[in-house]
Structure formats: structure tokens, C-alpha cells
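Text of entry.txt, listed as compact mmCIF, C-alpha atoms (C1' of nucleotides):
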# COMPACT_ATOMS: atom_id res chain seq x y z
CA MET A 1088 0.00 0.00 0.00
CA ARG A 1089 2.65 2.45 1.08
CA ARG A 1090 4.58 1.35 -1.92
CA PHE A 1091 1.81 2.25 -4.35
CA ASN A 1092 1.35 5.61 -2.73
CA ALA A 1093 5.05 6.42 -2.85
CA GLN A 1094 5.20 5.50 -6.51
CA LEU A 1095 2.22 7.69 -7.37
CA VAL A 1096 3.65 10.63 -5.47
CA ARG A 1097 7.07 10.24 -7.04
CA ASP A 1098 5.86 9.79 -10.60
CA HIS A 1099 2.71 11.91 -10.72
CA GLY A 1100 2.52 14.10 -7.63
CA LEU A 1101 -0.67 12.37 -6.53
CA THR A 1102 -1.51 10.69 -3.24
CA ILE A 1103 -3.21 7.33 -3.46
CA ASN A 1104 -6.30 9.05 -2.08
CA ASP A 1105 -6.01 11.81 -4.67
CA PHE A 1106 -6.00 9.05 -7.25
CA GLU A 1107 -9.03 7.31 -5.76
CA VAL A 1108 -10.92 10.58 -5.68
CA LEU A 1109 -10.17 11.37 -9.32
CA LEU A 1110 -11.15 7.82 -10.25
CA ASN A 1111 -14.45 7.99 -8.41
CA LEU A 1112 -15.27 11.32 -9.99
CA SER A 1113 -14.47 10.05 -13.46
CA LYS A 1114 -16.91 7.19 -13.03
CA ALA A 1115 -19.66 9.35 -11.57
CA GLU A 1116 -22.62 10.87 -13.37
CA ASP A 1117 -21.49 14.15 -14.99
CA ARG A 1118 -18.12 13.52 -13.39
CA GLN A 1119 -19.28 15.16 -10.20
CA LEU A 1120 -20.06 14.00 -6.68
CA ARG A 1121 -21.21 15.51 -3.42
CA ARG A 1122 -18.37 15.82 -0.96
CA VAL A 1123 -20.19 13.63 1.49
CA ASP A 1124 -20.53 10.79 -0.98
CA LEU A 1125 -16.93 11.14 -2.01
CA ALA A 1126 -15.87 10.88 1.62
CA GLU A 1127 -17.76 7.65 2.05
CA ARG A 1128 -16.31 6.06 -1.07
CA VAL A 1129 -12.69 6.71 -0.27
CA LEU A 1130 -13.08 6.09 3.47
CA LEU A 1131 -12.21 9.58 4.61
CA THR A 1132 -14.02 11.90 6.98
CA PRO A 1133 -15.75 14.98 5.57
CA SER A 1134 -12.94 17.17 6.82
CA GLY A 1135 -10.40 14.89 5.21
CA ILE A 1136 -12.19 15.38 1.90
CA THR A 1137 -12.20 19.13 2.32
CA ARG A 1138 -8.45 19.06 2.87
CA LEU A 1139 -7.77 16.70 0.02
CA LEU A 1140 -9.91 18.66 -2.45
CA GLU A 1141 -8.10 21.87 -1.51
CA GLY A 1142 -5.04 20.40 -3.13
CA LEU A 1143 -6.80 19.05 -6.19
CA GLU A 1144 -8.59 22.38 -6.70
CA ARG A 1145 -5.32 24.26 -6.44
CA SER A 1146 -3.87 21.98 -9.10
CA GLY A 1147 -6.90 22.55 -11.31
CA TYR A 1148 -7.95 18.91 -11.38
CA VAL A 1149 -11.24 19.49 -9.61
CA GLU A 1150 -13.66 22.43 -9.42
CA ARG A 1151 -16.44 23.39 -7.06
CA ALA A 1152 -19.99 23.39 -8.38
CA SER A 1153 -23.08 24.28 -6.43
CA CYS A 1154 -26.32 22.36 -6.24
CA ALA A 1155 -29.52 24.03 -7.40
CA SER A 1156 -31.85 22.08 -5.15
CA ASP A 1157 -29.82 22.11 -1.92
CA ALA A 1158 -27.71 25.06 -0.92
CA ARG A 1159 -25.75 23.05 1.58
CA VAL A 1160 -24.02 20.86 -0.94
CA THR A 1161 -21.04 21.65 -3.10
CA TYR A 1162 -20.13 19.21 -5.80
CA ALA A 1163 -16.62 18.20 -6.59
CA GLN A 1164 -16.44 18.38 -10.38
CA LEU A 1165 -13.66 16.69 -12.35
CA THR A 1166 -12.06 19.06 -14.87
CA ASP A 1167 -10.71 17.99 -18.26
CA GLU A 1168 -7.26 18.56 -16.88
CA GLY A 1169 -8.07 16.29 -13.97
CA HIS A 1170 -9.34 13.62 -16.30
CA ALA A 1171 -6.16 13.78 -18.34
CA LYS A 1172 -4.08 13.54 -15.19
CA LEU A 1173 -6.03 10.48 -14.10
CA ARG A 1174 -5.41 8.71 -17.40
CA GLU A 1175 -1.73 9.49 -17.18
CA ALA A 1176 -1.39 8.25 -13.61
CA SER A 1177 -3.56 5.19 -14.25
CA ARG A 1178 -1.16 3.76 -16.76
CA SER A 1179 1.67 3.21 -14.33
CA HIS A 1180 -0.50 2.69 -11.27
CA VAL A 1181 -2.58 -0.19 -12.55
CA SER A 1182 0.41 -1.86 -14.14
CA GLU A 1183 2.18 -1.64 -10.78
CA ILE A 1184 -0.71 -3.33 -9.07
CA ARG A 1185 -1.18 -5.89 -11.78
CA GLU A 1186 2.47 -6.81 -11.51
CA TYR A 1187 2.28 -6.99 -7.73
CA MET A 1188 -0.82 -9.16 -7.58
CA GLY A 1189 -0.40 -11.09 -10.80
CA GLY A 1190 3.07 -12.12 -9.72
CA ARG A 1191 1.68 -13.90 -6.69
CA PHE A 1192 -1.80 -15.08 -7.56
CA SER A 1193 -3.39 -16.92 -10.41
CA ASP A 1194 -6.41 -15.48 -12.22
CA GLU A 1195 -8.76 -17.79 -10.33
CA GLU A 1196 -7.25 -16.80 -7.01
CA LEU A 1197 -7.53 -13.13 -7.84
CA GLU A 1198 -11.16 -13.58 -8.67
CA ALA A 1199 -11.83 -15.51 -5.48
CA LEU A 1200 -10.09 -12.82 -3.46
CA GLY A 1201 -12.12 -10.14 -5.19
CA ARG A 1202 -15.42 -11.90 -4.53
CA LEU A 1203 -14.60 -12.30 -0.84
CA LEU A 1204 -13.25 -8.84 -0.23
CA GLU A 1205 -16.05 -7.01 -1.96
CA ARG A 1206 -18.36 -8.33 0.74
CA LEU A 1207 -16.74 -5.95 3.18
CA PRO A 1208 -18.90 -2.84 3.49
CA VAL A 1209 -17.75 0.43 1.99
CA ASP A 1210 -18.26 2.23 5.26
CA PRO A 1211 -18.01 -0.01 8.32
CA GLN A 1212 -19.77 2.58 10.48
CA ASP A 1213 -22.98 2.01 8.60
CA ASP A 1214 -23.08 -1.69 9.21
CA LEU A 1215 -23.05 -4.10 12.08
CA GLU A 1216 -23.80 -2.32 15.30
CA CYS A 1217 -20.97 -3.62 17.42
CA GLY A 1218 -22.44 -3.48 20.89
CA ALA A 1219 -20.79 -0.20 21.78
CA MET N 992 -9.56 -0.47 9.75
CA ARG N 993 -10.22 3.06 10.92
CA ARG N 994 -13.02 1.62 12.97
CA PHE N 995 -10.76 -0.76 14.86
CA ASN N 996 -8.25 1.96 15.54
CA ALA N 997 -10.90 4.36 16.83
CA GLN N 998 -12.26 1.69 19.15
CA LEU N 999 -8.81 0.90 20.56
CA VAL N 1000 -8.06 4.56 21.12
CA ARG N 1001 -11.39 5.19 22.78
CA ASP N 1002 -11.35 2.15 25.03
CA HIS N 1003 -7.66 1.68 25.77
CA GLY N 1004 -5.70 4.73 24.66
CA LEU N 1005 -3.78 2.65 22.15
CA THR N 1006 -3.30 3.17 18.43
CA ILE N 1007 -3.76 0.13 16.26
CA ASN N 1008 -0.03 0.33 15.59
CA ASP N 1009 0.69 0.56 19.30
CA PHE N 1010 -1.30 -2.61 19.66
CA GLU N 1011 0.53 -4.38 16.86
CA VAL N 1012 3.86 -3.40 18.37
CA LEU N 1013 2.94 -4.71 21.81
CA LEU N 1014 1.65 -7.89 20.21
CA ASN N 1015 4.83 -8.45 18.24
CA LEU N 1016 6.97 -7.85 21.29
CA SER N 1017 4.92 -10.25 23.36
CA LYS N 1018 5.48 -13.03 20.85
CA ALA N 1019 9.19 -12.33 20.44
CA GLU N 1020 12.05 -14.05 22.18
CA ASP N 1021 12.58 -12.48 25.62
CA ARG N 1022 9.79 -10.08 24.67
CA GLN N 1023 12.24 -7.81 22.93
CA LEU N 1024 12.98 -6.84 19.34
CA ARG N 1025 15.38 -4.59 17.50
CA ARG N 1026 13.71 -1.45 16.32
CA VAL N 1027 14.54 -2.25 12.75
CA ASP N 1028 12.77 -5.60 12.92
CA LEU N 1029 9.81 -4.08 14.65
CA ALA N 1030 9.53 -1.50 11.89
CA GLU N 1031 9.44 -4.19 9.26
CA ARG N 1032 6.78 -6.22 11.00
CA VAL N 1033 4.32 -3.43 11.53
CA LEU N 1034 5.04 -1.77 8.19
CA LEU N 1035 6.41 1.48 9.55
CA THR N 1036 9.60 3.33 8.72
CA PRO N 1037 12.40 3.39 11.30
CA SER N 1038 11.53 6.93 12.21
CA GLY N 1039 7.90 5.98 12.61
CA ILE N 1040 8.96 3.34 15.11
CA THR N 1041 11.07 5.82 17.02
CA ARG N 1042 8.08 8.12 17.34
CA LEU N 1043 5.68 5.37 18.25
CA LEU N 1044 7.99 3.91 20.90
CA GLU N 1045 8.42 7.36 22.45
CA GLY N 1046 4.79 7.16 23.44
CA LEU N 1047 4.89 3.57 24.67
CA GLU N 1048 8.02 4.31 26.68
CA ARG N 1049 6.40 7.34 28.24
CA SER N 1050 3.46 5.16 29.23
CA GLY N 1051 5.81 2.57 30.68
CA TYR N 1052 4.72 -0.23 28.36
CA VAL N 1053 8.10 -0.59 26.68
CA GLU N 1054 11.68 -0.02 27.78
CA ARG N 1055 14.96 0.48 26.01
CA ALA N 1056 17.59 -2.21 26.31
CA SER N 1057 20.99 -2.21 24.71
CA CYS N 1058 22.65 -5.00 22.78
CA ALA N 1059 25.91 -6.44 24.03
CA SER N 1060 27.20 -7.51 20.65
CA ASP N 1061 26.24 -4.49 18.56
CA ALA N 1062 26.33 -1.00 19.96
CA ARG N 1063 24.12 0.38 17.21
CA VAL N 1064 21.02 -1.46 18.20
CA THR N 1065 18.59 -0.67 20.95
CA TYR N 1066 16.01 -3.25 21.78
CA ALA N 1067 12.42 -2.44 22.50
CA GLN N 1068 11.60 -4.49 25.57
CA LEU N 1069 8.03 -5.18 26.64
CA THR N 1070 7.47 -4.44 30.34
CA ASP N 1071 5.11 -6.36 32.59
CA GLU N 1072 2.87 -3.37 32.55
CA GLY N 1073 2.89 -3.41 28.76
CA HIS N 1074 2.05 -7.08 28.73
CA ALA N 1075 -0.89 -6.49 31.04
CA LYS N 1076 -2.08 -3.65 28.86
CA LEU N 1077 -1.91 -5.86 25.81
CA ARG N 1078 -4.01 -8.56 27.41
CA GLU N 1079 -6.58 -6.00 28.44
CA ALA N 1080 -6.81 -4.44 24.99
CA SER N 1081 -6.79 -7.81 23.25
CA ARG N 1082 -10.02 -8.86 24.79
CA SER N 1083 -12.15 -6.23 23.12
CA HIS N 1084 -10.02 -5.87 20.02
CA VAL N 1085 -10.10 -9.47 18.87
CA SER N 1086 -13.75 -9.84 19.70
CA GLU N 1087 -14.43 -6.74 17.58
CA ILE N 1088 -12.60 -8.24 14.65
CA ARG N 1089 -14.13 -11.66 15.13
CA GLU N 1090 -17.55 -10.09 15.09
CA TYR N 1091 -16.73 -8.04 12.04
CA MET N 1092 -15.31 -10.87 9.98
CA GLY N 1093 -17.31 -13.75 11.40
CA GLY N 1094 -20.50 -11.86 10.68
CA ARG N 1095 -19.74 -11.84 6.98
CA PHE N 1096 -17.68 -14.92 6.25
CA SER N 1097 -17.94 -18.58 7.02
CA ASP N 1098 -15.06 -20.42 8.65
CA GLU N 1099 -13.99 -21.90 5.33
CA GLU N 1100 -14.05 -18.53 3.67
CA LEU N 1101 -12.00 -17.00 6.45
CA GLU N 1102 -9.43 -19.70 6.09
CA ALA N 1103 -9.30 -19.28 2.33
CA LEU N 1104 -8.85 -15.54 2.74
CA GLY N 1105 -6.10 -16.08 5.25
CA ARG N 1106 -4.22 -18.49 3.03
CA LEU N 1107 -4.38 -16.09 0.11
CA LEU N 1108 -3.48 -12.93 1.98
CA GLU N 1109 -0.56 -14.41 3.86
CA ARG N 1110 1.18 -14.79 0.51
CA LEU N 1111 1.61 -11.04 0.38
CA PRO N 1112 5.11 -10.16 1.57
CA VAL N 1113 5.62 -8.49 4.90
CA ASP N 1114 7.65 -5.71 3.36
CA PRO N 1115 6.85 -5.09 -0.28
CA GLN N 1116 10.11 -3.22 -0.79
CA ASP N 1117 12.04 -6.43 -0.28
CA ASP N 1118 10.31 -8.34 -3.01
CA LEU N 1119 9.57 -8.02 -6.66
CA GLU N 1120 11.77 -5.40 -8.27
CA CYS N 1121 9.10 -3.40 -10.03
CA GLY N 1122 11.03 -2.03 -12.98
CA ALA N 1123 11.63 1.34 -11.38
C1' DT T 1396 -44.82 29.73 11.30
C1' DC T 1397 -41.83 28.57 14.74
C1' DG T 1398 -38.58 25.74 16.63
C1' DC T 1399 -35.97 21.14 16.64
C1' DT T 1400 -33.26 17.98 14.70
C1' DA T 1401 -30.66 16.25 10.89
C1' DT T 1402 -27.48 17.02 7.17
C1' DA T 1403 -23.50 19.26 4.41
C1' DC T 1404 -19.50 21.34 4.90
C1' DT T 1405 -15.46 24.03 6.98
C1' DT T 1406 -12.02 25.26 10.40
C1' DG T 1407 -8.56 25.02 14.36
C1' DA T 1408 -5.78 22.09 16.96
C1' DG T 1409 -3.20 18.33 17.13
C1' DC T 1410 -1.50 13.41 16.28
C1' DC T 1411 0.81 10.12 13.47
C1' DG T 1412 3.83 8.99 10.17
C1' DT T 1413 7.00 10.14 6.15
C1' DC T 1414 11.25 11.86 3.98
C1' DA T 1415 15.80 13.64 4.04
C1' DA T 1416 19.77 14.39 6.48
C1' DC T 1417 22.65 13.00 10.00
C1' DA T 1418 25.59 10.46 13.75
C1' DA T 1419 27.34 6.25 15.35
C1' DT T 1420 28.81 1.75 14.67
C1' DC T 1421 29.85 -2.48 12.17
C1' DT T 1422 32.16 -5.22 8.46
C1' DA T 1423 34.87 -6.33 4.21
C1' DG T 1424 38.61 -5.92 1.47
C1' DC T 1425 42.96 -4.35 1.05
C1' DG C 995 44.88 -1.67 10.95
C1' DC C 996 42.27 1.49 7.71
C1' DT C 997 39.13 3.05 4.83
C1' DA C 998 34.63 2.53 2.18
C1' DG C 999 30.25 1.29 2.36
C1' DA C 1000 26.38 -0.75 4.75
C1' DT C 1001 23.36 -0.84 8.82
C1' DT C 1002 20.91 1.08 13.02
C1' DG C 1003 18.76 4.62 14.87
C1' DT C 1004 17.38 9.67 15.74
C1' DT C 1005 15.92 14.36 14.51
C1' DG C 1006 13.71 18.47 11.95
C1' DA C 1007 10.39 19.76 8.86
C1' DC C 1008 6.25 18.86 7.06
C1' DG C 1009 1.94 16.45 5.00
C1' DG C 1010 -2.34 14.18 5.67
C1' DC C 1011 -5.91 12.95 8.35
C1' DT C 1012 -8.97 13.00 12.54
C1' DC C 1013 -11.82 15.00 16.13
C1' DA C 1014 -14.50 18.57 18.05
C1' DA C 1015 -16.79 22.58 17.36
C1' DG C 1016 -19.05 25.77 14.55
C1' DT C 1017 -21.92 27.71 10.40
C1' DA C 1018 -25.47 27.27 7.21
C1' DT C 1019 -29.27 25.10 5.18
C1' DA C 1020 -33.08 21.63 4.98
C1' DG C 1021 -37.19 19.55 6.51
C1' DC C 1022 -40.54 18.06 9.81
C1' DG C 1023 -44.03 18.29 13.36
C1' DA C 1024 -47.03 21.08 16.52
Render the structure in this file as C-alpha cells.
Amino acid sequence: MRRFNAQLVRDHGLTINDFEVLLNLSKAEDRQLRRVDLAERVLLTPSGITRLLEGLERSGYVERASCASDARVTYAQLTDEGHAKLREASRSHVSEIREYMGGRFSDEELEALGRLLERLPVDPQDDLECGA
Amino acid sequence: MRRFNAQLVRDHGLTINDFEVLLNLSKAEDRQLRRVDLAERVLLTPSGITRLLEGLERSGYVERASCASDARVTYAQLTDEGHAKLREASRSHVSEIREYMGGRFSDEELEALGRLLERLPVDPQDDLECGA
DNA sequence: TCGCTATACTTGAGCCGTCAACAATCTAGC
DNA sequence: GCTAGATTGTTGACGGCTCAAGTATAGCGA
């Protein structure tokens, strides 16, 4: 994990969370997402997202957009520049991961792992009240 | 992950990494380990370990011990107090995890997951020269 | 319509861990 | 022995994230 982050930072100036945010935006409707939803998807707190987006906005990869129907929300909107950056970083990032995992696991094993791990909830808080 | 850390901090004043360090020490010969080895096992950098141990030393859970045969190394030595703390924290921590995983996976699935994941190297740096 | 609670987001303070640079010691090869 | 390079560990500076508290808006029930 740390390895993938270090490589992204070195080669593209992106944190692994920066990357995940750009990726989530690129897959979202209109390439925009409410900050709250973004937070949940990348497992950060709302304040973490605010901090992270500060950087991406400064770099021009993401813009703020307001919501017509709810004045509380601000969308994070992927810019063309951000999308280009994502494509660039993806190339080396996914090949890194593919090499790392593919070198140790067969295709069937990878698929089995994937099926198991995707059963873990996106946000643990939501699930499973653990007798606090 | 964040959830388990938060629970440990709330209930026992320990970081998840604090916990892992205490656990590793408790399983080690003479309950002591070189800082370098500790770093590798809990996936921290040497400086991270220095910082983390500062806290555990201040709390009295770990002591420094020097090495007769090599003046560069300082051992991290688990104290009795640290061992007691570990036992105390273990109780809730492992039951948390058991609940979390057991609630979603069968025994066979857990074992399959374990077998697959333990194939990942302890320190990725060591392995797999990734055409840098 | 007023007030209460829930939701979306930001901000200040602070912790945790990294990186880069450094000091001390060990070890090999000469 | 000595020197060159590797290994162990610490420190300063800083980044990234959390928590707690605060602001603003939404929406609901009396």
C-alpha cells in the first residue's frame, strides 16, 4: 500500500487518495459527486475530503460546483485537466498493481479474493452495530 | 480499519499500531525486538517506530535495552505493565474483529482468505523489483 | 410559522507517520 | 589496521488525516 502511494507521489505528484478521488469522480454521473458521498467512497471523513480537495482544486484537477436544489451541498467536479491527469497516472498505477498481484496469484485466485473482499462494506460505520 | 483503531483509542488509549507493536513484542524471544525488525513487522519506517515507541516508553509499556554484541542497536523491551495492557486491549479488540469478519464470512471462507493474503510479503520493498 | 433535529461542509488544533539528512557503529577488502 | 560502504537509529520539517466545534441550510411536526 505504502509502496503504491510512494510510486504515485514520485511519478505523478498524486496521493493514493487523490487518485481514488479522481477515479471515483471520473466514473460518476457528470463527473461530479457531493463531498459527502466522495468521503464515504474513499473512506475519509468529511474534513479529510475538504483538505484533500483543496489540493486538487489548487492543481486545477477538480472544481467546485453548487447544487440548485440544496444550498448546503457543493459538488466536486472533475475538470478535463483532472481527467487527463487520471489517465496518465492510471497507466503506471494499474500496471504496478497488476504486476504486484499477478506475480503472486493466479487469475482464479484473484477472482476468489475479489469476490470475498467485496463483501466488506464500503463504510463499516454504517453496518453491524458492534455493541458499543 | 479506521473503525478498529478508533475503538482501541477510545477504550484503551492505544493506536492500532501501538497494539501491533505490543503484540509483536509479546510473541518475540525475551519479549524484545530490535527497532529495525519491529519496523518491518508493523510496516512502519524506522523513524515511525522511534516516534511510536516514544509514546509507549512514556506510558511505561516498553523499555529500552541495549545490545551487548552491537552498539548500534537498541532493543524495544516489553514491560510487565505493557504485557498487562496488551491482554486487556486484546479482549475487546479481537472480539471486535471476530464479530466483524465472522459476521460476513464462514469459517472456510475465512481460512481461504487467510491463506491467500498471507502470501503477500511483509515488506513489499524487499520483493519483486518493479522495474523502477 | 416557529422551533428542533438532521445534514452538508469548513475550520482550528493536534497526532501520526513520512522523507531527508545526519551520527554512530559495524564489516569487508585491502 | 584502515578506509569505504552498509546498517541502526534519531531528529527536523512537514503532510495528511482525525476529532471537536461551529456555520449554514433543509425539513418536519405542533
Distance of C1' of DC1421 in chain T from CA of Arg1042 in chain N, expressed in Å to one decimal place: 24.8 Å
Chain A residues near chain T (8 Å cut-off, only C-alpha atoms (C1' of nucleotides)) as a list in words: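 Per the criterion, chain A yields Val1123, Pro1133, Ser1134, Thr1137, Arg1159 and Val1160 of chain A.
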Take the residues from that selection and put them in a file with C-alpha atoms, as an mmCIF file, keeping the file's coordinate frame.
data_model
loop_
_atom_site.group_PDB
_atom_site.id
_atom_site.type_symbol
_atom_site.label_atom_id
_atom_site.label_comp_id
_atom_site.auth_asym_id
_atom_site.auth_seq_id
_atom_site.Cartn_x
_atom_site.Cartn_y
_atom_site.Cartn_z
ATOM 1 C CA VAL A 1123 -20.190 13.630 1.490
ATOM 2 C CA PRO A 1133 -15.750 14.980 5.570
ATOM 3 C CA SER A 1134 -12.940 17.170 6.820
ATOM 4 C CA THR A 1137 -12.200 19.130 2.320
ATOM 5 C CA ARG A 1159 -25.750 23.050 1.580
ATOM 6 C CA VAL A 1160 -24.020 20.860 -0.940
#
Would you give the centre and edge lengths, in Å to one decimal, of a box along x, y and z around the listed atoms of range 1396-1407 of chain T, with 6 Å added to each side, as AutoDock Vina command-line options?
--center_x -26.7 --center_y 23.0 --center_z 10.5 --size_x 48.3 --size_y 25.5 --size_z 24.2
Selected residue, from N:Ala1019, N:Leu1034, N:Ile1040, N:Ala1075, that lies nearest to chain A when counting only C-alpha atoms: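 Among the listed residues, the smallest separation from chain A belongs to N:Leu1034.
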Same-sequence superposition of chain A onto chain N, all C-alpha, as an mmCIF file with C-alpha atoms, in the coordinates of the input:
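Just written: out.cif:
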data_model
loop_
_atom_site.group_PDB
_atom_site.id
_atom_site.type_symbol
_atom_site.label_atom_id
_atom_site.label_comp_id
_atom_site.auth_asym_id
_atom_site.auth_seq_id
_atom_site.Cartn_x
_atom_site.Cartn_y
_atom_site.Cartn_z
ATOM 1 C CA MET A 1088 -9.614 -0.453 9.780
ATOM 2 C CA ARG A 1089 -10.263 3.071 10.942
ATOM 3 C CA ARG A 1090 -13.040 1.651 12.992
ATOM 4 C CA PHE A 1091 -10.776 -0.750 14.862
ATOM 5 C CA ASN A 1092 -8.276 1.976 15.529
ATOM 6 C CA ALA A 1093 -10.905 4.366 16.847
ATOM 7 C CA GLN A 1094 -12.259 1.706 19.161
ATOM 8 C CA LEU A 1095 -8.816 0.902 20.546
ATOM 9 C CA VAL A 1096 -8.036 4.557 21.122
ATOM 10 C CA ARG A 1097 -11.369 5.213 22.788
ATOM 11 C CA ASP A 1098 -11.334 2.166 25.035
ATOM 12 C CA HIS A 1099 -7.640 1.672 25.771
ATOM 13 C CA GLY A 1100 -5.691 4.726 24.652
ATOM 14 C CA LEU A 1101 -3.774 2.648 22.125
ATOM 15 C CA THR A 1102 -3.318 3.168 18.400
ATOM 16 C CA ILE A 1103 -3.761 0.125 16.216
ATOM 17 C CA ASN A 1104 -0.027 0.323 15.561
ATOM 18 C CA ASP A 1105 0.686 0.572 19.281
ATOM 19 C CA PHE A 1106 -1.317 -2.613 19.627
ATOM 20 C CA GLU A 1107 0.542 -4.378 16.824
ATOM 21 C CA VAL A 1108 3.856 -3.393 18.346
ATOM 22 C CA LEU A 1109 2.928 -4.701 21.790
ATOM 23 C CA LEU A 1110 1.649 -7.898 20.186
ATOM 24 C CA ASN A 1111 4.820 -8.459 18.203
ATOM 25 C CA LEU A 1112 6.953 -7.860 21.261
ATOM 26 C CA SER A 1113 4.918 -10.268 23.348
ATOM 27 C CA LYS A 1114 5.480 -13.019 20.812
ATOM 28 C CA ALA A 1115 9.186 -12.329 20.427
ATOM 29 C CA GLU A 1116 12.065 -14.085 22.142
ATOM 30 C CA ASP A 1117 12.562 -12.496 25.590
ATOM 31 C CA ARG A 1118 9.782 -10.110 24.646
ATOM 32 C CA GLN A 1119 12.254 -7.843 22.925
ATOM 33 C CA LEU A 1120 12.985 -6.843 19.346
ATOM 34 C CA ARG A 1121 15.393 -4.606 17.496
ATOM 35 C CA ARG A 1122 13.724 -1.428 16.343
ATOM 36 C CA VAL A 1123 14.543 -2.239 12.767
ATOM 37 C CA ASP A 1124 12.806 -5.593 12.910
ATOM 38 C CA LEU A 1125 9.830 -4.076 14.637
ATOM 39 C CA ALA A 1126 9.553 -1.489 11.880
ATOM 40 C CA GLU A 1127 9.467 -4.167 9.233
ATOM 41 C CA ARG A 1128 6.797 -6.208 10.986
ATOM 42 C CA VAL A 1129 4.334 -3.405 11.479
ATOM 43 C CA LEU A 1130 5.078 -1.743 8.131
ATOM 44 C CA LEU A 1131 6.458 1.485 9.515
ATOM 45 C CA THR A 1132 9.661 3.319 8.708
ATOM 46 C CA PRO A 1133 12.442 3.384 11.302
ATOM 47 C CA SER A 1134 11.557 6.941 12.208
ATOM 48 C CA GLY A 1135 7.929 5.977 12.595
ATOM 49 C CA ILE A 1136 8.992 3.329 15.097
ATOM 50 C CA THR A 1137 11.088 5.809 17.018
ATOM 51 C CA ARG A 1138 8.083 8.103 17.299
ATOM 52 C CA LEU A 1139 5.689 5.353 18.228
ATOM 53 C CA LEU A 1140 7.995 3.897 20.890
ATOM 54 C CA GLU A 1141 8.413 7.341 22.448
ATOM 55 C CA GLY A 1142 4.789 7.132 23.433
ATOM 56 C CA LEU A 1143 4.895 3.553 24.643
ATOM 57 C CA GLU A 1144 8.040 4.274 26.678
ATOM 58 C CA ARG A 1145 6.412 7.299 28.257
ATOM 59 C CA SER A 1146 3.467 5.123 29.240
ATOM 60 C CA GLY A 1147 5.813 2.518 30.690
ATOM 61 C CA TYR A 1148 4.717 -0.254 28.351
ATOM 62 C CA VAL A 1149 8.085 -0.609 26.670
ATOM 63 C CA GLU A 1150 11.680 -0.037 27.803
ATOM 64 C CA ARG A 1151 14.952 0.461 25.995
ATOM 65 C CA ALA A 1152 17.600 -2.228 26.309
ATOM 66 C CA SER A 1153 21.005 -2.183 24.714
ATOM 67 C CA CYS A 1154 22.678 -4.946 22.769
ATOM 68 C CA ALA A 1155 25.963 -6.358 24.030
ATOM 69 C CA SER A 1156 27.288 -7.419 20.652
ATOM 70 C CA ASP A 1157 26.290 -4.380 18.572
ATOM 71 C CA ALA A 1158 26.335 -0.895 19.988
ATOM 72 C CA ARG A 1159 24.157 0.454 17.237
ATOM 73 C CA VAL A 1160 21.058 -1.435 18.221
ATOM 74 C CA THR A 1161 18.598 -0.664 20.964
ATOM 75 C CA TYR A 1162 16.003 -3.249 21.775
ATOM 76 C CA ALA A 1163 12.422 -2.446 22.482
ATOM 77 C CA GLN A 1164 11.606 -4.513 25.563
ATOM 78 C CA LEU A 1165 8.023 -5.213 26.631
ATOM 79 C CA THR A 1166 7.467 -4.454 30.325
ATOM 80 C CA ASP A 1167 5.103 -6.400 32.580
ATOM 81 C CA GLU A 1168 2.854 -3.388 32.541
ATOM 82 C CA GLY A 1169 2.894 -3.431 28.763
ATOM 83 C CA HIS A 1170 2.040 -7.097 28.714
ATOM 84 C CA ALA A 1171 -0.897 -6.523 31.026
ATOM 85 C CA LYS A 1172 -2.097 -3.666 28.856
ATOM 86 C CA LEU A 1173 -1.911 -5.880 25.787
ATOM 87 C CA ARG A 1174 -4.031 -8.580 27.407
ATOM 88 C CA GLU A 1175 -6.591 -6.015 28.439
ATOM 89 C CA ALA A 1176 -6.812 -4.433 24.997
ATOM 90 C CA SER A 1177 -6.794 -7.801 23.224
ATOM 91 C CA ARG A 1178 -10.035 -8.872 24.791
ATOM 92 C CA SER A 1179 -12.162 -6.231 23.143
ATOM 93 C CA HIS A 1180 -10.041 -5.869 20.027
ATOM 94 C CA VAL A 1181 -10.130 -9.464 18.876
ATOM 95 C CA SER A 1182 -13.797 -9.812 19.704
ATOM 96 C CA GLU A 1183 -14.455 -6.722 17.585
ATOM 97 C CA ILE A 1184 -12.640 -8.250 14.670
ATOM 98 C CA ARG A 1185 -14.168 -11.650 15.141
ATOM 99 C CA GLU A 1186 -17.602 -10.084 15.109
ATOM 100 C CA TYR A 1187 -16.779 -8.029 12.034
ATOM 101 C CA MET A 1188 -15.363 -10.891 9.997
ATOM 102 C CA GLY A 1189 -17.388 -13.745 11.419
ATOM 103 C CA GLY A 1190 -20.569 -11.855 10.657
ATOM 104 C CA ARG A 1191 -19.767 -11.845 6.964
ATOM 105 C CA PHE A 1192 -17.716 -14.930 6.236
ATOM 106 C CA SER A 1193 -17.969 -18.584 7.023
ATOM 107 C CA ASP A 1194 -15.086 -20.426 8.686
ATOM 108 C CA GLU A 1195 -14.009 -21.928 5.367
ATOM 109 C CA GLU A 1196 -14.050 -18.541 3.690
ATOM 110 C CA LEU A 1197 -12.027 -17.001 6.478
ATOM 111 C CA GLU A 1198 -9.455 -19.708 6.126
ATOM 112 C CA ALA A 1199 -9.292 -19.306 2.363
ATOM 113 C CA LEU A 1200 -8.876 -15.562 2.758
ATOM 114 C CA GLY A 1201 -6.127 -16.088 5.301
ATOM 115 C CA ARG A 1202 -4.225 -18.506 3.075
ATOM 116 C CA LEU A 1203 -4.367 -16.096 0.139
ATOM 117 C CA LEU A 1204 -3.504 -12.946 2.011
ATOM 118 C CA GLU A 1205 -0.577 -14.390 3.890
ATOM 119 C CA ARG A 1206 1.159 -14.795 0.545
ATOM 120 C CA LEU A 1207 1.593 -11.049 0.405
ATOM 121 C CA PRO A 1208 5.090 -10.165 1.598
ATOM 122 C CA VAL A 1209 5.590 -8.500 4.951
ATOM 123 C CA ASP A 1210 7.630 -5.742 3.395
ATOM 124 C CA PRO A 1211 6.846 -5.110 -0.270
ATOM 125 C CA GLN A 1212 10.110 -3.214 -0.742
ATOM 126 C CA ASP A 1213 12.061 -6.397 -0.268
ATOM 127 C CA ASP A 1214 10.290 -8.290 -2.979
ATOM 128 C CA LEU A 1215 9.557 -7.991 -6.643
ATOM 129 C CA GLU A 1216 11.774 -5.403 -8.220
ATOM 130 C CA CYS A 1217 9.184 -3.393 -10.077
ATOM 131 C CA GLY A 1218 11.166 -2.018 -12.976
ATOM 132 C CA ALA A 1219 11.743 1.352 -11.369
#
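For the pair CA of Ala1176 in chain A and CA of Asn1104 in chain A, the interatomic distance is 12.6 Å.
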Nearest residue to chain N from the set A:Glu1205, A:Glu1198, A:Glu1107, A:Glu1183 (distances using all atoms listed in the file):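 The shortest atom-to-atom distance to chain N comes from A:Glu1183.
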Counting only C-alpha atoms (C1' of nucleotides), chain C residues within 9 Å of chain A, as a ChimeraX atom specification: /C:1010-1012,1018-1020
May I have the residues from that selection written out with C-alpha atoms (C1' of nucleotides), as a PDB file, keeping the file's coordinate frame?
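The resulting file, selection02.pdb, is reproduced below:
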ATOM      1  C1'  DG C1010      -2.340  14.180   5.670  1.00  0.00           C
ATOM      2  C1'  DC C1011      -5.910  12.950   8.350  1.00  0.00           C
ATOM      3  C1'  DT C1012      -8.970  13.000  12.540  1.00  0.00           C
ATOM      4  C1'  DA C1018     -25.470  27.270   7.210  1.00  0.00           C
ATOM      5  C1'  DT C1019     -29.270  25.100   5.180  1.00  0.00           C
ATOM      6  C1'  DA C1020     -33.080  21.630   4.980  1.00  0.00           C
TER       7       DA C1020
END
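Between CA of Val1033 in chain N and CA of Arg1191 in chain A there is a distance of 21.2 Å.
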